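**Student:** Dropping the structure in here first, questions after.
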Amino acid sequence: MNASSDSAKTPLGEVIGRLSALHQKRIDLGLERMHRLLERLGHPERKLPPVIHIAGTNGKGSTVAYLRATLEAAGLRVHTYTSPYLVRINECFRLGRVGGGVLVSDDELRAALEEVERVNAGEPATVFELKTAAAFHLFAQNPADVVLLEVGLGGRLDSTNVVDTPAACVITPVSMDHMDFLGDTLTSIAGEKAAIIKRGVPVICAEQSPEAMAVIEAQAKRMRAPLFAANESWHVNVEHGRLVYSDDRGLMDLAAPRLFGRHQFDNAGLAIATLRAIPTFKVNQAAFEAGVVGAEWPARMQRLTSGELLSWGPQGSEIWLDGGHNAEGGRVAAAALGDLEERVSRPLVVIAGMMANKDARGFLANFAGLTRHIIAVPIPDTENAMPADRLADATRSLGMRVEIAPGIEAALRALSKLAYEVPPRILITGSLYLAGHVLGLNGTPPA
């Protein structure tokens with residue numbers, strides 16, 4: 001990796017800082033710069049093991065987590081590229097190893113980024129393009145059996161959409177998000193996601209709205225790609241608290257996912273359907289069960305059971321963390337809270353912080369029937385974060401009571417001064433950036 005002795009001493013943050021200065025925009029969709037970078041790197045994207053490419057609006061990360069846990073349980077080495085990260089950029093890059101993958105080390109990542117920086121030679125490129133090129137470079141240099149490649153934004157013009165013949169293309173639920181980049185209709189957004197479909201490559205698709213499904217079906221037909229759609233080619237149900245998966249090859253009765261929420265059964269089912277659609281992967285039922293039970297994905301209805309935050313909130317309270325940030329993400333989080341309420345009833349408080357380009361009203365409306373207590377907070381040190389007073393205005397427009405706190409600690413300490421007959425259930429939500437900040441504050445960053 002062409003790292004000199006001087007570069008080995010350069011802190012990772014300095015390299016990221018230099019790369020961030022190469023383009024005036026944080027997001028600038030397009031593939032021309034990516035193709036240029038990869039050509040100069042010797043086309044590492046052509047030297048990868050089989051690639052599973054995952055697009056969609058919600059559930060991408062959880063689906064990747066199920067895929068990785070299952071493949072590793074089957075004894076395979078799995079490279080994984082995901083975004084965004086929560087606390088450290090290293091989280092985006094997981095290198096496959098026998099017995100389980102590991103996050104890339106600072107030294108390995110710095111060397112890869114500096115090699116990309118060197119071949120780029122100062123030309124404009126976004127940080128996402130540069131780190132995606134670094135991922136391909138890393139993955140081509142380290143042997144593995146499969147690559148899990150998560151789309152960053154959209155699909156058609158996303159930096160990951162440069163692999164010509166993946167083993168499979170996966171589309172998780174499509175909903176309204178990133179309208180400023182992908183269009184303001186579900187049809188246009190689905191078109192951007194469906195553009196990852198490659199000729200003749202199997203497409204495994206989660207349950208979709210009729211508008212999104214029509215677009216995906218048309219693109220699969222156009223590309224002569226076999227389509228395996230939820231509720232048509234395969235089915236997943238919850239029976240007696242267990243995950244029951246069925247397709248034309250048979251039925252599997254599996255334990256429930258560790259990740260919480262009904263939607264996680266669907267995400268796990270999508271991962272199972274994907275691996276059953278790729279004939280070269282031999283995965284038995286024991287590996288599928290181990291993957292469903294063993295998958296971990298931080299900040300997706302994650303209960304914080306240790307760390308600093310527990311000492312700040314009311315004694316005996318539950319603290320949950322979810323990075324949902326669009327209307328559909330709010331819906332599944334609210335459904336999960338409803339399930340929790342049925343099991344053990346507690347008063348609910350939602351602490352929310354969001355980015356300025358998100359539909360705060362559409363997100364928070366999901367919680368209107370569950371709580372009237374919302375605390376709006378800013379997301380510190382984050383460009384384009386929504387001011388807490390604007391988030392509070394959106395909350396009031398729904399007829400919900402809202403307070404403003406200067407931060408997470410202040411919000412929790414304020415709650416600890418209230419007299420609760422039953423300790424509350426607290427959900428911190430609205431943004432993956434906020435979730436990353438919380439995990440850092442709590443001293444429990446992703447491992």
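Residues in the structure tokens are numbered from 1 in each chain, the chains being A, B, ... in the order shown, and ligands are numbered from 1 in the order shown.
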Which residues in range 251-307 of chain A does DSSP call alpha helix (DSSP H)? List them as a list of chain:residue names.
**Tutor:** A:Arg262, A:His263, A:Gln264, A:Phe265, A:Asp266, A:Asn267, A:Ala268, A:Gly269, A:Leu270, A:Ala271, A:Ile272, A:Ala273, A:Thr274, A:Leu275, A:Arg276, A:Gln285, A:Ala286, A:Ala287, A:Phe288, A:Glu289, A:Ala290, A:Gly291, A:Val292, A:Val293, A:Gly294
**Student:** If you count only C-alpha atoms, which residues fall within 6 Å of Val377 in chain A, apart from same-chain ones fewer than 5 positions away, as an MDAnalysis selection string?
**Tutor:** chainID A and resid 353 388 405:407
**Student:** Would you put the residues from that selection into a file with C-alpha atoms, as an mmCIF file, in the first residue's frame?
**Tutor:**
```cif
data_model
loop_
_atom_site.group_PDB
_atom_site.id
_atom_site.type_symbol
_atom_site.label_atom_id
_atom_site.label_comp_id
_atom_site.auth_asym_id
_atom_site.auth_seq_id
_atom_site.Cartn_x
_atom_site.Cartn_y
_atom_site.Cartn_z
ATOM 1 C CA GLY A 353 -32.558 15.582 16.897
ATOM 2 C CA ALA A 388 -33.843 22.502 17.972
ATOM 3 C CA ALA A 405 -32.776 20.963 25.752
ATOM 4 C CA PRO A 406 -29.215 22.034 24.853
ATOM 5 C CA GLY A 407 -28.048 18.425 24.603
#
```
**Student:** In terms of the shortest atom-to-atom distance over only C-alpha atoms, which of A:Leu270, A:Ala447, A:Ile379, A:Ala327 is closest to Ile89 in chain A?
**Tutor:**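 Smallest distance to Ile89 in chain A is found for A:Ala447.
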**Student:** Nearest to Tyr85 in chain A: which of A:Gly101, A:Pro423, A:Pro446, A:Pro50 is it, counting only C-alpha atoms?
**Tutor:**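 Looking at the shortest contact to Tyr85 in chain A, the residue is A:Pro446.
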**Student:** Tell me, as a CSV table (one decimal) with all heavy atoms, in the first residue's frame, which residues lie within 10 Å of Val127 in chain A, counting only C-alpha atoms; anything in the same chain fewer than 6 positions away does not count.
**Tutor:**
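Below is the file selection.csv, written as the result:
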```csv
chain,number,residue,atom,x,y,z
A,16,ILE,N,-8.3,12.5,6.3
A,16,ILE,CA,-9.7,12.8,6.0
A,16,ILE,C,-9.9,14.3,5.8
A,16,ILE,O,-10.7,14.7,4.9
A,16,ILE,CB,-10.6,12.3,7.1
A,16,ILE,CG1,-10.5,10.8,7.4
A,16,ILE,CG2,-12.1,12.6,6.8
A,16,ILE,CD1,-10.8,9.9,6.2
A,17,GLY,N,-9.3,15.1,6.6
A,17,GLY,CA,-9.4,16.5,6.4
A,17,GLY,C,-8.9,17.0,5.0
A,17,GLY,O,-9.5,17.8,4.3
A,18,ARG,N,-7.8,16.4,4.6
A,18,ARG,CA,-7.2,16.8,3.2
A,18,ARG,C,-8.2,16.3,2.1
A,18,ARG,O,-8.5,17.0,1.2
A,18,ARG,CB,-5.9,16.1,3.0
A,18,ARG,CG,-4.8,16.7,3.9
A,18,ARG,CD,-3.4,16.4,3.3
A,18,ARG,NE,-3.2,15.0,3.0
A,18,ARG,CZ,-2.6,14.1,3.9
A,18,ARG,NH1,-2.3,14.5,5.1
A,18,ARG,NH2,-2.5,12.8,3.6
A,19,LEU,N,-8.7,15.1,2.3
A,19,LEU,CA,-9.6,14.6,1.3
A,19,LEU,C,-10.9,15.4,1.2
A,19,LEU,O,-11.5,15.6,0.1
A,19,LEU,CB,-9.9,13.1,1.5
A,19,LEU,CG,-8.7,12.1,1.5
A,19,LEU,CD1,-9.2,10.7,1.8
A,19,LEU,CD2,-8.0,12.2,0.2
A,20,SER,N,-11.4,15.8,2.4
A,20,SER,CA,-12.6,16.6,2.4
A,20,SER,C,-12.5,17.9,1.7
A,20,SER,O,-13.5,18.5,1.3
A,20,SER,CB,-13.0,16.9,3.9
A,20,SER,OG,-13.2,15.6,4.6
A,21,ALA,N,-11.3,18.4,1.5
A,21,ALA,CA,-11.1,19.7,0.9
A,21,ALA,C,-11.1,19.6,-0.6
A,21,ALA,O,-11.0,20.6,-1.3
A,21,ALA,CB,-9.8,20.3,1.4
A,22,LEU,N,-11.1,18.4,-1.2
A,22,LEU,CA,-11.0,18.2,-2.6
A,22,LEU,C,-12.2,18.5,-3.4
A,22,LEU,O,-12.2,18.6,-4.7
A,22,LEU,CB,-10.5,16.8,-2.9
A,22,LEU,CG,-9.1,16.5,-2.5
A,22,LEU,CD1,-8.8,15.0,-2.7
A,22,LEU,CD2,-8.1,17.3,-3.2
A,23,HIS,N,-13.4,18.7,-2.8
A,23,HIS,CA,-14.6,18.9,-3.5
A,23,HIS,C,-15.5,19.9,-2.6
A,23,HIS,O,-15.6,19.7,-1.4
A,23,HIS,CB,-15.4,17.6,-3.7
A,23,HIS,CG,-16.4,17.8,-4.9
A,23,HIS,ND1,-17.5,18.6,-4.8
A,23,HIS,CD2,-16.5,17.2,-6.1
A,23,HIS,CE1,-18.2,18.5,-5.9
A,23,HIS,NE2,-17.6,17.6,-6.7
A,25,LYS,N,-18.6,20.2,-2.6
A,25,LYS,CA,-19.9,19.6,-2.1
A,25,LYS,C,-19.6,18.3,-1.4
A,25,LYS,O,-18.7,17.6,-1.8
A,25,LYS,CB,-20.8,19.3,-3.3
A,25,LYS,CG,-21.3,20.5,-4.1
A,25,LYS,CD,-22.2,20.1,-5.2
A,25,LYS,CE,-22.6,21.3,-6.1
A,25,LYS,NZ,-23.5,20.8,-7.2
A,26,ARG,N,-20.4,18.1,-0.3
A,26,ARG,CA,-20.3,16.8,0.4
A,26,ARG,C,-20.9,15.7,-0.5
A,26,ARG,O,-20.4,14.6,-0.5
A,26,ARG,CB,-21.0,16.9,1.7
A,26,ARG,CG,-20.7,15.7,2.6
A,26,ARG,CD,-21.3,16.0,4.0
A,26,ARG,NE,-22.8,16.0,4.0
A,26,ARG,CZ,-23.5,14.9,4.1
A,26,ARG,NH1,-23.0,13.7,4.2
A,26,ARG,NH2,-24.9,15.0,4.1
A,27,ILE,N,-22.0,16.0,-1.2
A,27,ILE,CA,-22.6,15.0,-2.0
A,27,ILE,C,-22.7,15.6,-3.5
A,27,ILE,O,-23.2,16.7,-3.7
A,27,ILE,CB,-24.1,14.7,-1.6
A,27,ILE,CG1,-24.0,14.1,-0.2
A,27,ILE,CG2,-24.8,13.8,-2.5
A,27,ILE,CD1,-25.4,13.9,0.5
A,133,ALA,N,-13.4,4.1,-3.1
A,133,ALA,CA,-12.3,3.6,-3.9
A,133,ALA,C,-11.3,2.9,-2.9
A,133,ALA,O,-10.7,1.9,-3.3
A,133,ALA,CB,-11.6,4.8,-4.6
```
**Student:** Would you mind telling me which residue in A:Gly313, A:Pro143, A:Ala74, A:His53 lies nearest to Ala194 in chain A when using only C-alpha atoms?
**Tutor:**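 Smallest distance to Ala194 in chain A is found for A:His53.
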